[in-house]
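Shown here: model-v6.cif, mmCIF, C-alpha atoms and all ligand atoms.
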```cif
data_entry
loop_
_atom_site.label_atom_id
_atom_site.label_comp_id
_atom_site.auth_asym_id
_atom_site.auth_seq_id
_atom_site.Cartn_x
_atom_site.Cartn_y
_atom_site.Cartn_z
CA MET A 1 141.21 108.58 -26.50
CA ILE A 2 139.56 110.34 -29.37
CA ASP A 3 141.49 113.24 -30.87
CA PRO A 4 139.15 116.26 -31.24
CA ASP A 5 141.04 117.21 -34.39
CA THR A 6 139.64 114.12 -36.13
CA LEU A 7 136.07 115.36 -35.56
CA PRO A 8 134.37 117.53 -38.18
CA TYR A 9 134.90 121.30 -38.26
CA TYR A 10 132.10 123.55 -39.50
CA ASN A 11 132.17 127.01 -40.96
CA PRO A 12 129.25 128.97 -39.43
CA ALA A 13 129.08 131.16 -42.54
CA VAL A 14 128.23 128.03 -44.57
CA GLU A 15 126.33 125.85 -42.09
CA ARG A 16 124.96 127.00 -38.74
CA LYS A 17 125.39 124.24 -36.15
CA ILE A 18 123.74 124.79 -32.78
CA ALA A 19 124.49 123.16 -29.45
CA LEU A 20 123.11 123.73 -25.97
CA ILE A 21 124.94 122.61 -22.85
CA THR A 22 124.07 122.87 -19.18
CA GLY A 23 126.89 123.51 -16.73
CA GLY A 24 129.20 124.78 -19.46
CA ASN A 25 131.01 127.23 -17.19
CA SER A 26 133.02 124.73 -15.20
CA GLY A 27 135.08 121.54 -15.27
CA ILE A 28 134.28 119.13 -18.09
CA GLY A 29 131.60 121.45 -19.48
CA TRP A 30 134.15 124.26 -19.95
CA TYR A 31 136.28 122.13 -22.26
CA THR A 32 133.23 120.75 -24.05
CA VAL A 33 132.18 124.31 -24.89
CA LEU A 34 135.73 125.20 -25.94
CA HIS A 35 135.88 122.36 -28.48
CA LEU A 36 132.36 122.93 -29.81
CA TYR A 37 133.25 126.60 -30.28
CA LEU A 38 136.49 125.67 -32.06
CA HIS A 39 134.49 123.30 -34.29
CA GLY A 40 132.28 126.18 -35.40
CA PHE A 41 129.19 125.67 -33.24
CA CYS A 42 126.91 128.36 -31.91
CA VAL A 43 126.77 127.22 -28.27
CA TYR A 44 124.11 128.14 -25.73
CA VAL A 45 126.05 128.01 -22.47
CA CYS A 46 123.47 127.50 -19.74
CA GLY A 47 124.19 128.32 -16.14
CA ARG A 48 122.62 129.66 -12.98
CA ASN A 49 125.09 132.47 -12.35
CA SER A 50 125.61 135.03 -15.12
CA ALA A 51 128.92 136.31 -13.70
CA ARG A 52 130.40 132.79 -13.62
CA VAL A 53 129.16 131.90 -17.10
CA ASN A 54 130.28 135.20 -18.67
CA LYS A 55 133.73 134.85 -17.08
CA ALA A 56 133.96 131.29 -18.42
CA MET A 57 132.88 132.40 -21.92
CA LYS A 58 135.60 135.10 -21.96
CA GLY A 59 138.18 132.50 -20.91
CA ILE A 60 136.99 130.05 -23.57
CA ILE A 61 137.15 132.66 -26.33
CA ALA A 62 140.69 133.65 -25.28
CA GLU A 63 141.81 130.01 -25.16
CA ALA A 64 140.21 129.29 -28.55
CA ARG A 65 142.03 132.26 -30.12
CA ARG A 66 145.30 131.04 -28.66
CA ARG A 67 144.80 127.51 -29.98
CA SER A 68 143.46 128.35 -33.41
CA ALA A 69 145.87 131.10 -34.48
CA ASP A 70 146.69 130.50 -38.18
CA ASP A 71 144.77 127.21 -38.27
CA PRO A 72 142.89 127.35 -41.58
CA LYS A 73 140.36 124.64 -40.68
CA VAL A 74 139.04 126.52 -37.64
CA PHE A 75 136.17 128.99 -38.08
CA MET A 76 135.11 129.77 -34.56
CA GLY A 77 131.45 129.66 -33.69
CA SER A 78 129.69 131.84 -31.14
CA LEU A 79 128.69 131.64 -27.48
CA ILE A 80 125.37 132.73 -25.98
CA TYR A 81 124.66 132.83 -22.26
CA LEU A 82 121.31 131.36 -21.23
CA HIS A 83 120.12 131.51 -17.65
CA ILE A 84 118.97 128.21 -16.23
CA ASP A 85 118.69 127.02 -12.66
CA LEU A 86 118.08 123.30 -12.69
CA ALA A 87 116.86 123.45 -9.11
CA ASP A 88 113.87 125.47 -10.34
CA LEU A 89 111.68 123.88 -13.03
CA ARG A 90 110.12 127.24 -13.93
CA SER A 91 113.59 128.43 -14.88
CA VAL A 92 113.99 125.33 -17.09
CA GLU A 93 110.66 126.09 -18.82
CA LYS A 94 111.69 129.71 -19.36
CA ALA A 95 115.08 128.80 -20.82
CA ALA A 96 113.47 126.27 -23.17
CA GLN A 97 110.91 128.87 -24.33
CA THR A 98 113.74 131.31 -25.12
CA VAL A 99 115.50 128.76 -27.31
CA LEU A 100 112.26 127.66 -28.99
CA LYS A 101 111.55 131.29 -29.92
CA ARG A 102 115.05 131.92 -31.29
CA GLU A 103 115.98 128.73 -33.08
CA MET A 104 114.50 126.46 -35.74
CA LYS A 105 116.70 123.50 -34.85
CA LEU A 106 119.11 122.15 -32.25
CA ASP A 107 121.90 119.86 -33.45
CA VAL A 108 123.26 118.83 -30.05
CA LEU A 109 121.82 118.97 -26.55
CA ILE A 110 124.30 118.14 -23.78
CA ASN A 111 122.79 117.61 -20.34
CA ASN A 112 126.05 118.03 -18.46
CA ALA A 113 125.38 119.96 -15.23
CA ALA A 114 125.22 118.15 -11.92
CA VAL A 115 125.76 118.30 -8.22
CA MET A 116 127.30 115.33 -6.44
CA ALA A 117 127.06 113.90 -2.96
CA THR A 118 125.56 117.03 -1.42
CA PRO A 119 123.54 117.05 1.83
CA TYR A 120 119.88 116.09 1.64
CA GLN A 121 117.88 119.04 0.38
CA VAL A 122 114.47 119.40 -1.24
CA THR A 123 114.01 121.88 -4.09
CA LYS A 124 111.08 124.28 -4.31
CA ASP A 125 109.58 121.79 -6.80
CA GLY A 126 109.62 119.14 -4.10
CA PHE A 127 112.36 116.84 -5.42
CA GLU A 128 115.61 115.82 -3.77
CA ILE A 129 118.27 118.19 -5.13
CA GLN A 130 120.53 115.64 -6.86
CA LEU A 131 117.58 113.90 -8.49
CA GLN A 132 116.22 117.20 -9.82
CA ALA A 133 119.44 118.95 -10.90
CA ASN A 134 121.04 115.85 -12.42
CA TYR A 135 118.03 114.12 -13.92
CA ILE A 136 114.50 115.56 -13.67
CA ALA A 137 115.33 119.09 -14.84
CA HIS A 138 117.25 117.62 -17.79
CA PHE A 139 114.31 115.34 -18.61
CA LEU A 140 112.03 118.39 -18.76
CA LEU A 141 114.54 120.46 -20.75
CA SER A 142 115.02 117.65 -23.29
CA MET A 143 111.27 117.13 -23.75
CA ARG A 144 110.72 120.85 -24.30
CA LEU A 145 113.55 121.06 -26.85
CA LEU A 146 112.49 117.85 -28.58
CA PRO A 147 110.87 119.57 -31.60
CA LEU A 148 114.12 121.43 -32.31
CA LEU A 149 116.16 118.22 -32.01
CA GLN A 150 113.73 116.32 -34.22
CA SER A 151 113.77 118.95 -36.92
CA CYS A 152 117.43 118.14 -37.69
CA HIS A 153 117.84 114.55 -36.39
CA GLY A 154 119.86 116.01 -33.53
CA ARG A 155 121.87 114.33 -30.79
CA LEU A 156 121.00 114.17 -27.11
CA ILE A 157 123.82 113.47 -24.67
CA MET A 158 123.31 112.85 -20.99
CA LEU A 159 126.24 112.95 -18.57
CA SER A 160 125.95 110.01 -16.24
CA SER A 161 128.70 108.52 -14.09
CA VAL A 162 130.38 105.26 -13.20
CA GLY A 163 128.84 106.03 -9.80
CA HIS A 164 125.49 104.81 -11.20
CA ASN A 165 126.74 101.27 -10.44
CA LEU A 166 126.08 101.91 -6.75
CA GLU A 167 122.41 101.31 -7.53
CA PHE A 168 122.73 97.54 -7.31
CA ILE A 169 118.99 96.76 -7.27
CA TYR A 170 116.25 98.88 -8.79
CA TRP A 171 115.05 101.63 -6.45
CA ALA A 172 111.80 103.38 -7.20
CA LEU A 173 112.53 107.08 -7.61
CA SER A 174 110.13 107.84 -4.76
CA GLN A 175 112.82 106.37 -2.47
CA ASP A 176 114.62 109.52 -1.32
CA TRP A 177 117.33 107.93 0.87
CA ASN A 178 116.99 110.64 3.48
CA TYR A 179 118.92 108.76 6.13
CA ARG A 180 122.05 109.28 8.19
CA PRO A 181 124.99 109.17 7.82
CA ASN A 182 124.77 111.50 4.86
CA CYS A 183 128.26 110.51 3.72
CA ILE A 184 126.82 107.10 2.71
CA PHE A 185 123.26 107.83 1.66
CA THR A 186 124.13 110.87 -0.44
CA TRP A 187 126.04 108.54 -2.80
CA LEU A 188 122.94 106.38 -3.19
CA ARG A 189 120.98 109.50 -4.16
CA TYR A 190 123.67 110.39 -6.73
CA ALA A 191 123.67 106.82 -8.07
CA MET A 192 119.89 106.89 -8.42
CA ALA A 193 119.96 110.14 -10.42
CA LYS A 194 122.75 108.87 -12.67
CA THR A 195 121.03 105.50 -13.26
CA ALA A 196 117.83 107.36 -14.14
CA SER A 197 119.86 109.44 -16.61
CA ILE A 198 121.00 106.32 -18.49
CA GLN A 199 117.48 104.89 -18.38
CA PHE A 200 116.17 108.16 -19.81
CA VAL A 201 118.57 107.89 -22.75
CA LYS A 202 117.52 104.28 -23.38
CA MET A 203 113.84 105.25 -23.41
CA MET A 204 114.48 108.27 -25.65
CA ALA A 205 116.34 106.04 -28.12
CA ILE A 206 113.30 103.76 -28.34
CA LYS A 207 110.63 106.45 -28.38
CA TYR A 208 112.44 108.85 -30.71
CA PRO A 209 114.60 106.82 -33.12
CA ASP A 210 114.94 109.91 -35.33
CA LEU A 211 117.39 111.27 -32.72
CA LEU A 212 120.73 109.88 -31.59
CA CYS A 213 120.61 109.58 -27.78
CA LEU A 214 123.72 108.63 -25.81
CA SER A 215 124.93 108.61 -22.22
CA VAL A 216 128.44 109.23 -20.96
CA HIS A 217 130.74 108.57 -18.04
CA PRO A 218 133.47 111.17 -18.64
CA GLY A 219 136.17 109.52 -16.52
CA LEU A 220 137.39 110.34 -13.03
CA VAL A 221 138.15 114.05 -13.27
CA MET A 222 139.21 115.09 -9.81
CA ASN A 223 139.96 118.79 -10.40
CA THR A 224 136.46 119.99 -11.21
CA ASN A 225 134.07 121.70 -8.80
CA LEU A 226 132.02 118.53 -8.46
CA PHE A 227 133.99 117.57 -5.38
CA SER A 228 133.99 121.01 -3.77
CA TYR A 229 131.31 120.27 -1.17
CA TRP A 230 133.67 117.69 0.33
CA THR A 231 136.96 119.54 -0.12
CA ARG A 232 135.54 122.72 1.43
CA LEU A 233 134.35 121.04 4.62
CA PRO A 234 136.09 122.58 7.63
CA ILE A 235 139.12 120.57 8.85
CA VAL A 236 138.25 117.24 7.14
CA GLY A 237 138.10 119.00 3.75
CA ILE A 238 141.88 118.83 3.40
CA PHE A 239 141.80 115.04 3.86
CA PHE A 240 139.12 114.68 1.22
CA TRP A 241 141.17 116.91 -1.09
CA MET A 242 144.22 114.69 -0.58
CA LEU A 243 142.16 111.54 -1.10
CA PHE A 244 140.72 112.88 -4.36
CA GLN A 245 144.20 113.93 -5.55
CA ILE A 246 145.53 110.41 -4.89
CA VAL A 247 142.59 108.82 -6.72
CA GLY A 248 143.12 111.29 -9.56
CA PHE A 249 146.83 110.53 -9.75
CA PHE A 250 146.29 106.78 -10.19
CA PHE A 251 142.95 106.60 -12.00
CA GLY A 252 142.06 110.12 -13.12
CA VAL A 253 142.12 112.07 -16.35
CA SER A 254 142.45 115.82 -16.92
CA ASN A 255 139.46 118.13 -17.25
CA GLU A 256 140.06 118.29 -21.00
CA GLU A 257 140.32 114.51 -21.37
CA GLY A 258 137.07 114.36 -19.41
CA CYS A 259 135.23 116.10 -22.24
CA LEU A 260 136.36 113.68 -24.97
CA ALA A 261 133.62 111.08 -24.59
CA THR A 262 130.99 113.82 -24.77
CA LEU A 263 132.70 115.36 -27.80
CA LYS A 264 132.77 112.04 -29.60
CA CYS A 265 129.04 111.56 -28.92
CA ALA A 266 128.30 115.09 -30.09
CA LEU A 267 130.38 115.16 -33.26
CA SER A 268 131.58 111.79 -34.47
CA PRO A 269 130.22 110.92 -37.92
CA GLN A 270 130.99 107.29 -37.09
CA LEU A 271 128.10 107.15 -34.63
CA SER A 272 124.69 106.62 -36.16
CA ARG A 273 121.07 106.44 -35.05
CA ASP A 274 120.66 102.95 -36.51
CA LYS A 275 123.51 101.21 -34.74
CA ASP A 276 124.39 103.32 -31.71
CA ASN A 277 121.15 104.69 -30.28
CA GLY A 278 120.91 104.38 -26.48
CA LYS A 279 124.57 103.41 -26.01
CA TYR A 280 126.84 104.36 -23.11
CA PHE A 281 130.36 105.75 -23.64
CA VAL A 282 133.12 106.14 -21.09
CA THR A 283 136.48 107.89 -20.60
CA GLY A 284 137.96 109.11 -23.86
CA GLY A 285 135.02 107.84 -25.94
CA ARG A 286 135.14 104.06 -25.46
CA GLU A 287 131.85 102.20 -25.71
CA ALA A 288 130.91 100.32 -22.52
CA LYS A 289 128.05 98.54 -20.84
CA PRO A 290 126.21 100.29 -18.03
CA SER A 291 124.96 98.39 -14.98
CA TYR A 292 122.34 95.67 -15.27
CA ILE A 293 119.80 97.98 -13.61
CA ALA A 294 120.52 100.89 -15.96
CA ASN A 295 120.24 98.52 -18.93
CA ASN A 296 116.96 96.95 -17.88
CA LEU A 297 114.15 98.31 -20.05
CA ASP A 298 111.35 97.43 -17.62
CA ASP A 299 113.07 99.50 -14.95
CA ALA A 300 113.71 102.26 -17.48
CA ALA A 301 110.00 102.32 -18.33
CA SER A 302 109.08 102.52 -14.62
CA THR A 303 111.48 105.44 -14.18
CA TRP A 304 110.02 107.19 -17.23
CA ILE A 305 106.41 106.78 -16.08
CA TRP A 306 107.21 107.95 -12.54
CA THR A 307 108.96 111.05 -13.89
CA VAL A 308 106.16 111.97 -16.30
CA HIS A 309 103.56 111.67 -13.51
CA GLN A 310 105.63 113.70 -11.07
CA LEU A 311 106.15 116.46 -13.63
CA ARG A 312 102.44 116.48 -14.54
CA ASP A 313 101.48 116.74 -10.86
CA ARG A 314 103.54 119.93 -10.75
CA GLY A 315 101.97 121.40 -13.89
CA HIS A 316 104.69 120.43 -16.37
CA ASN A 317 102.97 118.31 -19.00
CA VAL A 318 105.41 116.30 -21.07
N1 LIG A 401 134.34 114.97 -12.42
C1 LIG A 401 134.17 113.65 -12.43
O1 LIG A 401 135.05 112.87 -11.97
C2 LIG A 401 132.91 113.05 -12.97
C3 LIG A 401 132.77 111.66 -12.95
C4 LIG A 401 131.60 111.11 -13.44
C5 LIG A 401 130.61 111.92 -13.97
N2 LIG A 401 130.78 113.27 -13.97
C6 LIG A 401 129.69 114.09 -14.52
O2 LIG A 401 130.21 115.05 -15.42
C7 LIG A 401 129.36 116.21 -15.43
C8 LIG A 401 130.20 117.47 -15.30
O3 LIG A 401 130.81 117.45 -14.01
P1 LIG A 401 132.12 118.28 -13.63
O4 LIG A 401 133.06 117.32 -12.98
O5 LIG A 401 132.57 119.12 -14.76
O6 LIG A 401 131.53 119.19 -12.44
P2 LIG A 401 131.55 120.77 -12.13
O7 LIG A 401 132.85 121.37 -12.48
O8 LIG A 401 131.06 120.89 -10.72
O9 LIG A 401 130.44 121.31 -13.12
C9 LIG A 401 129.08 121.15 -12.83
C10 LIG A 401 128.31 122.23 -13.53
O10 LIG A 401 126.92 122.06 -13.19
C11 LIG A 401 126.40 123.33 -12.86
N3 LIG A 401 125.24 123.24 -11.98
C12 LIG A 401 125.15 122.62 -10.78
N4 LIG A 401 123.93 122.83 -10.24
C13 LIG A 401 123.24 123.59 -11.12
C14 LIG A 401 121.94 124.15 -11.13
N5 LIG A 401 121.09 123.99 -10.10
N6 LIG A 401 121.55 124.87 -12.19
C15 LIG A 401 122.40 125.07 -13.23
N7 LIG A 401 123.65 124.59 -13.27
C16 LIG A 401 124.07 123.85 -12.23
C17 LIG A 401 127.55 124.04 -12.17
O11 LIG A 401 127.28 125.43 -12.14
P3 LIG A 401 127.93 126.40 -11.02
O12 LIG A 401 129.31 126.72 -11.51
O13 LIG A 401 127.01 127.57 -11.01
O14 LIG A 401 127.95 125.63 -9.73
C18 LIG A 401 128.69 123.64 -13.08
O15 LIG A 401 128.75 124.47 -14.20
C19 LIG A 401 128.36 115.98 -14.30
O16 LIG A 401 127.15 115.50 -14.84
C20 LIG A 401 129.00 114.92 -13.44
O17 LIG A 401 128.06 114.15 -12.70
C21 LIG A 401 131.91 113.86 -13.49
#
```
For this file, write the structure as structure tokens.
Amino acid sequence: MIDPDTLPYYNPAVERKIALITGGNSGIGWYTVLHLYLHGFCVYVCGRNSARVNKAMKGIIAEARRRSADDPKVFMGSLIYLHIDLADLRSVEKAAQTVLKREMKLDVLINNAAVMATPYQVTKDGFEIQLQANYIAHFLLSMRLLPLLQSCHGRLIMLSSVGHNLEFIYWALSQDWNYRPNCIFTWLRYAMAKTASIQFVKMMAIKYPDLLCLSVHPGLVMNTNLFSYWTRLPIVGIFFWMLFQIVGFFFGVSNEEGCLATLKCALSPQLSRDKDNGKYFVTGGREAKPSYIANNLDDAASTWIWTVHQLRDRGHNV
């Protein structure tokens, strides 16, 4: 596992480094923000609920102070709350406009937020919720922030998941898997969104070689809110909670360890556009191979074209 201490620290008074992360108020995102802040970044912490994000930012600042007391290499950065609801593409456009107005560059964009294995639901934009929140909204956000990323050869990181392997043959994204039982088909919807996320990174790496674009499986991190739909179900929720705890005990990593692959992708000077673009990193920052489907460039191109057309049909030209 990569040690965050081996990654570069910046002094904001000398060099202003800017990062933007979705879903930074919870789970893996919380620790990602903490380390970026400790490494001197100005971090836009994007979330849909201002109370939750502001509470998280207070907690992160307190934890950073505790960890960095008397550490001469740490010059803490700053945190800025930015409202974004990924289930609403107008909110994504608005958030992107705010950043474009305020900043000249963006060093790191981390598309981290997600929902997992939720019941079938269609957003007001007409997409299945997991596909939109996990993939389409991030596609739009990334395209809007592209000029800022390009102006400094920035890095784009997309949180995927080992769960993408459940897509064992290529499914067109128009396939919405709205079938019963939900407890099976919801995982196929999650897998589809997470495969599309890796394909997006692969296409970005080809289309925009001036950026470094990477995808990540953070590890099995069982104590985040990602599992809360299942653990909060009446009666059976307790069984799911126990199941997830057992899986976590044998195969899991902590919330903080879950952020290490993302941190490596965001900060490591050892990763470069020439040799690493489009790669996939897993638990702790180890390079790995995604599924055959996620790796297939013809499928990635089909996913890209479908997404661009769907966004255009809804008035979002990318
Ligand atoms: N945990 C794991 O074992 C695991 C495994 C593989 C991949 N991952 C990936 O790692 C990433 C982080 O997951 P996590 O485990 O840290 O989950 P988490 O604790 O549930 O965090 C998810 C974040 O996404 C935000 N979010 C969800 N829907 C949103 C929306 N419509 N608009 C804006 N923000 C929204 C949540 O905000 P609220 O607080 O407002 O809900 C939360 O901040 C995800 O991409 C996940 O798929 C996790």
- [ ] Please write out the residues within 7 Å of ligand LIG 401 (chain A) as a ChimeraX atom specification, counting only C-alpha atoms and all ligand atoms.
- [x] /A:22-29,47-49,52,84-87,112-116,133-134,159-163,217-222,224-227
Task: Residue among A:Asn54, A:Arg90, A:Ile18, A:Phe168 lying closest to Arg102 of chain A, counting all atoms listed in the file - done: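 Looking at the shortest contact to Arg102 of chain A, the residue is A:Ile18.
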TODO: Grab the atom CA of Cys213 of chain A to atom CA of Leu188 of chain A distance for me, in Å with one decimal place.
DONE: 24.9 Å
Open item on the list: Here is a test: counting all atoms listed in the file, which residue of A:Ala51, A:Ala172, A:Ala191, A:Leu148 is nearest to Leu211 of chain A?
Closed with: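 The answer is A:Leu148, which sits nearest to Leu211 of chain A.
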- [ ] Rank nothing, just name the residue among A:Tyr292, A:Ser91, A:Val122, A:Gly285 nearest to Leu140 of chain A, using all atoms listed in the file.
- [x]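 Closest to Leu140 of chain A of all the choices is A:Ser91.
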- [ ] In Å, rounded to a single decimal, give me how far atom CA of Gly59 of chain A is from atom CA of Lys194 of chain A.
- [x]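 According to the coordinates, atom CA of Lys194 of chain A and atom CA of Gly59 of chain A are separated by 29.4 Å.
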Open item on the list: Would you compute the distance between atom CA of Arg312 of chain A and atom CA of Thr186 of chain A? Give it in Å to one decimal.
Closed with: 26.5 Å
Open item on the list: When you count all atoms listed in the file, which of these residues is closest to Met192 of chain A: A:Leu79, A:Val308, A:Ile129, A:Cys46?
Closed with: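 When distances to Met192 of chain A are compared using all atoms listed in the file, the smallest one comes from A:Ile129.
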TODO: Excluding Ser50 of chain A and residues on its chain fewer than 4 positions from it, collect all residues at most 9 Å away from it, counting all atoms listed in the file, and give them as a list in words.
DONE: Asn54, Lys55, Tyr81, Leu82 and His83 of chain A
TODO: Would you please work out which residue, of A:Leu89, A:Cys42, A:Met76, A:Ala62, is nearest to Lys124 of chain A when using only C-alpha atoms?
DONE: A:Leu89
Atom completion result for segment 270-279 of chain A (all heavy atoms) as a CSV table (one decimal), in the frame of the given file:
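What follows is the written file out_6.csv:
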```csv
chain,number,residue,atom,x,y,z
A,270,GLN,N,131.0,108.8,-37.1
A,270,GLN,CA,131.0,107.3,-37.1
A,270,GLN,C,129.8,106.8,-36.3
A,270,GLN,O,129.5,105.6,-36.4
A,270,GLN,CB,132.3,106.8,-36.5
A,270,GLN,CG,133.3,106.3,-37.6
A,270,GLN,CD,134.5,107.2,-37.6
A,270,GLN,OE1,135.1,107.4,-36.6
A,270,GLN,NE2,134.8,107.7,-38.8
A,271,LEU,N,129.2,107.6,-35.4
A,271,LEU,CA,128.1,107.2,-34.6
A,271,LEU,C,126.8,107.4,-35.4
A,271,LEU,O,126.6,108.5,-36.0
A,271,LEU,CB,128.1,107.9,-33.3
A,271,LEU,CG,129.3,107.7,-32.4
A,271,LEU,CD1,129.1,108.5,-31.1
A,271,LEU,CD2,129.4,106.2,-32.0
A,272,SER,N,125.9,106.4,-35.4
A,272,SER,CA,124.7,106.6,-36.2
A,272,SER,C,123.5,106.2,-35.4
A,272,SER,O,123.6,105.4,-34.4
A,272,SER,CB,124.8,105.8,-37.5
A,272,SER,OG,124.5,104.5,-37.2
A,273,ARG,N,122.3,106.7,-35.7
A,273,ARG,CA,121.1,106.4,-35.0
A,273,ARG,C,120.7,105.0,-35.2
A,273,ARG,O,120.2,104.4,-34.2
A,273,ARG,CB,119.9,107.2,-35.7
A,273,ARG,CG,120.1,108.7,-35.6
A,273,ARG,CD,118.8,109.4,-35.9
A,273,ARG,NE,118.3,109.1,-37.2
A,273,ARG,CZ,118.6,109.7,-38.4
A,273,ARG,NH1,119.4,110.7,-38.3
A,273,ARG,NH2,118.1,109.4,-39.5
A,274,ASP,N,121.0,104.3,-36.3
A,274,ASP,CA,120.7,103.0,-36.5
A,274,ASP,C,121.4,102.0,-35.6
A,274,ASP,O,120.9,101.1,-35.1
A,274,ASP,CB,120.9,102.6,-38.0
A,274,ASP,CG,120.0,103.4,-38.9
A,274,ASP,OD1,119.0,103.9,-38.4
A,274,ASP,OD2,120.4,103.6,-40.1
A,275,LYS,N,122.7,102.2,-35.5
A,275,LYS,CA,123.5,101.2,-34.7
A,275,LYS,C,123.9,101.6,-33.3
A,275,LYS,O,124.4,100.8,-32.6
A,275,LYS,CB,124.7,100.8,-35.6
A,275,LYS,CG,125.8,101.8,-35.8
A,275,LYS,CD,127.0,101.3,-36.5
A,275,LYS,CE,128.0,102.3,-36.8
A,275,LYS,NZ,128.5,103.1,-35.7
A,276,ASP,N,123.8,102.9,-33.0
A,276,ASP,CA,124.4,103.3,-31.7
A,276,ASP,C,123.4,103.9,-30.7
A,276,ASP,O,123.7,104.3,-29.6
A,276,ASP,CB,125.5,104.4,-32.0
A,276,ASP,CG,126.6,103.8,-32.8
A,276,ASP,OD1,127.2,102.8,-32.3
A,276,ASP,OD2,127.0,104.3,-33.8
A,277,ASN,N,122.1,104.0,-31.1
A,277,ASN,CA,121.2,104.7,-30.3
A,277,ASN,C,121.0,104.0,-28.9
A,277,ASN,O,120.9,102.8,-28.8
A,277,ASN,CB,119.8,104.7,-31.0
A,277,ASN,CG,119.2,106.1,-30.9
A,277,ASN,OD1,119.7,107.0,-30.1
A,277,ASN,ND2,118.3,106.4,-31.8
A,278,GLY,N,121.1,104.9,-27.9
A,278,GLY,CA,120.9,104.4,-26.5
A,278,GLY,C,122.2,103.9,-25.8
A,278,GLY,O,122.2,103.5,-24.7
A,279,LYS,N,123.3,104.0,-26.6
A,279,LYS,CA,124.6,103.4,-26.0
A,279,LYS,C,125.2,104.3,-24.9
A,279,LYS,O,124.8,105.5,-24.8
A,279,LYS,CB,125.6,103.2,-27.1
A,279,LYS,CG,125.3,102.0,-28.0
A,279,LYS,CD,126.3,101.7,-29.0
A,279,LYS,CE,126.1,100.4,-29.8
A,279,LYS,NZ,127.0,100.3,-30.9
```
